[in-house]
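See structure below.
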Amino acid sequence: MKIYKQKIKIATTTQIEFIDITGKVEQILEKSGIREGQVLVFSTHTTASIILNHNESMLIQDFMQMLYRLVPVSDRYSHDLFELNRSRASDGRSNGHSHCKAMLLGPSQIIPLEKGRMMVTEKQSIFFVEMDGARKREVIVQIMGL
């Protein structure tokens, strides 16, 4: 078995942002030379996620509305009470809501690989989902197989 790993660097510009990284993952897959196995796409951040879904602008608006409805920015989050948490220095962001949103979506996706192609349909795209932008981010793509 062979393992190939590469990072994707992303600069986000808004608080919540859905960024289609499918093409970048496909480029890494081609570079790996692996034809059969799995592709792991992993966000290294606690306020960002990786999802697999349809890249359609109105649907992305629906996703954003759902996230704001389920985890409103205006709610009170204990994480935001930095003065009570003296164990770590704050970066000045009240982002408890961002951590909760990311928990709902999850940090990674595993996609089967067959004949050098990811087994996704034409309607499926891989998204990096920012919940606490604007920030500089990294995604790890690890391909395992033969």
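Ordered as shown in the structure tokens, chains take letters A, B, and onward, while each chain numbers its residues from 1 and ligands are numbered from 1 in the order shown.
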
Spatial neighbours of Glu26 (chain A), max dist 8 Å, only C-alpha atoms, sep filter under 3 positions, as a PyMOL selection string: chain A and resi 22-23+29-30+117-118

Create the file for the chosen residues now, containing N, CA and C atoms and written as a short mmCIF file (atom, residue, chain, number, x, y, z; two decimals), in the first residue's frame.
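Contents of out_15.cif, freshly written:
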data_model
loop_
_atom_site.label_atom_id
_atom_site.label_comp_id
_atom_site.auth_asym_id
_atom_site.auth_seq_id
_atom_site.Cartn_x
_atom_site.Cartn_y
_atom_site.Cartn_z
N THR A 22 -12.83 20.55 -5.04
CA THR A 22 -12.81 19.29 -5.79
C THR A 22 -11.66 19.24 -6.79
N GLY A 23 -11.50 20.29 -7.58
CA GLY A 23 -10.45 20.32 -8.59
C GLY A 23 -9.06 20.18 -8.00
N LEU A 29 -4.72 13.91 -6.40
CA LEU A 29 -4.93 12.50 -6.69
C LEU A 29 -4.13 12.07 -7.92
N GLU A 30 -4.19 12.86 -8.97
CA GLU A 30 -3.46 12.53 -10.20
C GLU A 30 -1.94 12.47 -9.93
N ARG A 117 -9.92 7.48 -10.09
CA ARG A 117 -10.94 8.53 -9.98
C ARG A 117 -11.71 8.39 -8.67
N MET A 118 -12.06 9.53 -8.09
CA MET A 118 -12.91 9.48 -6.90
C MET A 118 -14.30 9.03 -7.31
#

Within 12 Å of Gln124 (chain A) using only C-alpha atoms, minus same-chain residues under 3 positions, as a count of residues only: 16

Listing only residues of region 2-115 of chain A within 12 Å of region 135-138 of chain A, what is the closest atom pair and its distance in Å (to one decimal) for each, using only C-alpha atoms, sorted by chain and residue number ascending, as a Markdown table?
| residue | atom | partner | partner_atom | distance |
| --- | --- | --- | --- | --- |
| A:Gln6 | CA | A:Glu138 | CA | 10.1 |
| A:Lys7 | CA | A:Glu138 | CA | 6.4 |
| A:Ile8 | CA | A:Glu138 | CA | 5.6 |
| A:Lys9 | CA | A:Glu138 | CA | 4.7 |
| A:Ile10 | CA | A:Arg137 | CA | 5.0 |
| A:Ala11 | CA | A:Lys136 | CA | 4.5 |
| A:Thr12 | CA | A:Arg135 | CA | 5.3 |
| A:Thr13 | CA | A:Arg135 | CA | 6.9 |
| A:Thr14 | CA | A:Arg135 | CA | 8.5 |
| A:Gln15 | CA | A:Arg135 | CA | 9.0 |
| A:Ile16 | CA | A:Arg135 | CA | 10.9 |
| A:Glu17 | CA | A:Arg135 | CA | 10.9 |
| A:Ile19 | CA | A:Arg137 | CA | 11.6 |
| A:Ile21 | CA | A:Glu138 | CA | 11.6 |
| A:Val41 | CA | A:Glu138 | CA | 10.7 |
| A:Phe42 | CA | A:Glu138 | CA | 8.9 |
| A:Ser43 | CA | A:Glu138 | CA | 6.7 |
| A:Thr44 | CA | A:Glu138 | CA | 6.4 |
| A:His45 | CA | A:Arg137 | CA | 7.6 |
| A:Thr46 | CA | A:Arg137 | CA | 10.9 |
| A:Thr47 | CA | A:Arg137 | CA | 10.3 |
| A:Ala48 | CA | A:Arg137 | CA | 8.8 |
| A:Ser49 | CA | A:Arg137 | CA | 11.0 |
| A:Ile50 | CA | A:Glu138 | CA | 11.4 |
| A:Arg93 | CA | A:Arg135 | CA | 11.8 |
| A:Pro107 | CA | A:Glu138 | CA | 11.9 |

Serialized selection, N, CA and C atoms, as a short mmCIF file (atom, residue, chain, number, x, y, z; two decimals), in the first residue's frame:
data_model
loop_
_atom_site.label_atom_id
_atom_site.label_comp_id
_atom_site.auth_asym_id
_atom_site.auth_seq_id
_atom_site.Cartn_x
_atom_site.Cartn_y
_atom_site.Cartn_z
N GLN A 6 -0.65 15.66 0.78
CA GLN A 6 -0.34 17.02 0.36
C GLN A 6 -1.33 17.97 1.02
N LYS A 7 -0.89 19.21 1.26
CA LYS A 7 -1.76 20.22 1.86
C LYS A 7 -2.30 21.17 0.80
N ILE A 8 -3.50 21.66 1.05
CA ILE A 8 -4.10 22.71 0.23
C ILE A 8 -4.19 23.94 1.13
N LYS A 9 -3.66 25.06 0.68
CA LYS A 9 -3.75 26.32 1.42
C LYS A 9 -4.94 27.11 0.90
N ILE A 10 -5.71 27.65 1.85
CA ILE A 10 -6.94 28.38 1.51
C ILE A 10 -6.95 29.70 2.29
N ALA A 11 -7.31 30.78 1.62
CA ALA A 11 -7.51 32.07 2.28
C ALA A 11 -9.00 32.40 2.17
N THR A 12 -9.69 32.40 3.30
CA THR A 12 -11.12 32.71 3.27
C THR A 12 -11.33 34.21 3.46
N THR A 13 -12.50 34.68 3.04
CA THR A 13 -12.74 36.12 3.06
C THR A 13 -13.98 36.53 3.86
N THR A 14 -14.88 35.58 4.17
CA THR A 14 -16.10 35.92 4.89
C THR A 14 -16.30 34.96 6.06
N GLN A 15 -17.22 35.34 6.96
CA GLN A 15 -17.44 34.53 8.16
C GLN A 15 -17.81 33.09 7.82
N ILE A 16 -18.84 32.90 7.02
CA ILE A 16 -19.19 31.55 6.55
C ILE A 16 -18.99 31.53 5.05
N GLU A 17 -18.26 30.53 4.59
CA GLU A 17 -17.92 30.45 3.18
C GLU A 17 -17.80 28.99 2.77
N ILE A 19 -16.23 26.71 -0.07
CA ILE A 19 -15.22 26.78 -1.12
C ILE A 19 -15.08 25.40 -1.75
N ILE A 21 -13.32 22.65 -3.41
CA ILE A 21 -11.91 22.26 -3.56
C ILE A 21 -11.77 20.96 -4.37
N VAL A 41 -9.97 13.75 3.03
CA VAL A 41 -9.86 15.20 2.97
C VAL A 41 -10.19 15.70 4.37
N PHE A 42 -9.21 16.35 5.03
CA PHE A 42 -9.31 16.67 6.45
C PHE A 42 -9.00 18.13 6.72
N SER A 43 -9.90 18.81 7.45
CA SER A 43 -9.66 20.18 7.89
C SER A 43 -8.90 20.13 9.21
N THR A 44 -7.82 20.89 9.29
CA THR A 44 -7.00 20.91 10.50
C THR A 44 -7.48 21.98 11.49
N HIS A 45 -8.70 22.48 11.32
CA HIS A 45 -9.18 23.59 12.13
C HIS A 45 -10.49 23.22 12.85
N THR A 46 -10.66 23.74 14.06
CA THR A 46 -11.86 23.43 14.85
C THR A 46 -13.05 24.31 14.51
N THR A 47 -12.86 25.27 13.62
CA THR A 47 -13.97 26.13 13.19
C THR A 47 -14.17 26.07 11.68
N ALA A 48 -13.81 24.92 11.10
CA ALA A 48 -14.01 24.71 9.67
C ALA A 48 -14.31 23.23 9.44
N SER A 49 -14.96 22.93 8.33
CA SER A 49 -15.39 21.56 8.05
C SER A 49 -15.15 21.20 6.59
N ILE A 50 -15.28 19.90 6.33
CA ILE A 50 -15.25 19.37 4.96
C ILE A 50 -16.57 18.65 4.74
N ARG A 93 -11.56 36.75 19.15
CA ARG A 93 -12.79 36.40 18.43
C ARG A 93 -13.79 35.74 19.37
N PRO A 107 -15.05 17.28 10.50
CA PRO A 107 -13.78 17.77 9.97
C PRO A 107 -13.29 17.09 8.70
#

Among the residues A:Met66, A:Ile60, A:Leu113, A:Met144, the one that comes closest to Val129 (chain A) [using only C-alpha atoms]: A:Ile60

Distance criterion (only C-alpha atoms): nearest to His97 (chain A) out of A:Gln27, A:Ser74, A:Ser32, A:Ser57: A:Ser74

Residue list (helix (DSSP H, G or I), DSSP) for region 10-125 of chain A, as a PyMOL selection string: chain A and resi 22-32+57-70+78-80+82-84+96-105

CA of Leu146 (chain A) to CA of Ser125 (chain A), straight-line distance in Å: 23.7 Å

Nearest candidate to Pro72 (chain A) (options A:His99, A:Leu105, A:Leu59, A:Val141; using only C-alpha atoms): A:His99

Straight-line distance linking CA of Ile3 (chain A) with CA of Val139 (chain A), stated in Å to one decimal: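 CA of Ile3 (chain A) sits 16.4 Å away from CA of Val139 (chain A).
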
Residues near Lys115 (chain A), anyone? I mean within 10 Å using only C-alpha atoms, not counting same-chain ones fewer than 5 positions away, as a PDB file with C-alpha atoms, in the first residue's frame.
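For reference, selection.pdb as written:
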ATOM      1  CA  ILE A  34      -2.629   5.867  -6.710  1.00  0.00           C
ATOM      2  CA  ARG A  35      -5.429   4.160  -8.659  1.00  0.00           C
ATOM      3  CA  GLU A  36      -7.384   2.125  -6.059  1.00  0.00           C
ATOM      4  CA  GLY A  37      -8.031   3.044  -2.431  1.00  0.00           C
TER       5      GLY A  37
END

Å distance separating CA of Phe18 (chain A) from CA of Ser94 (chain A), one decimal place: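 Between CA of Phe18 (chain A) and CA of Ser94 (chain A) the gap is 20.7 Å.
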
Residue contacts of Gly33 (chain A) (10 Å, only C-alpha atoms) excluding same-chain residues fewer than 5 positions away, as a ChimeraX atom specification: /A:2,4,28,116,143,145-146

DSSP strand (DSSP E or B) residues within chain A, listed as an MDAnalysis selection string: chainID A and resid 2:11 17:20 37:43 48:53 108:114 117:118 125:130 136:145
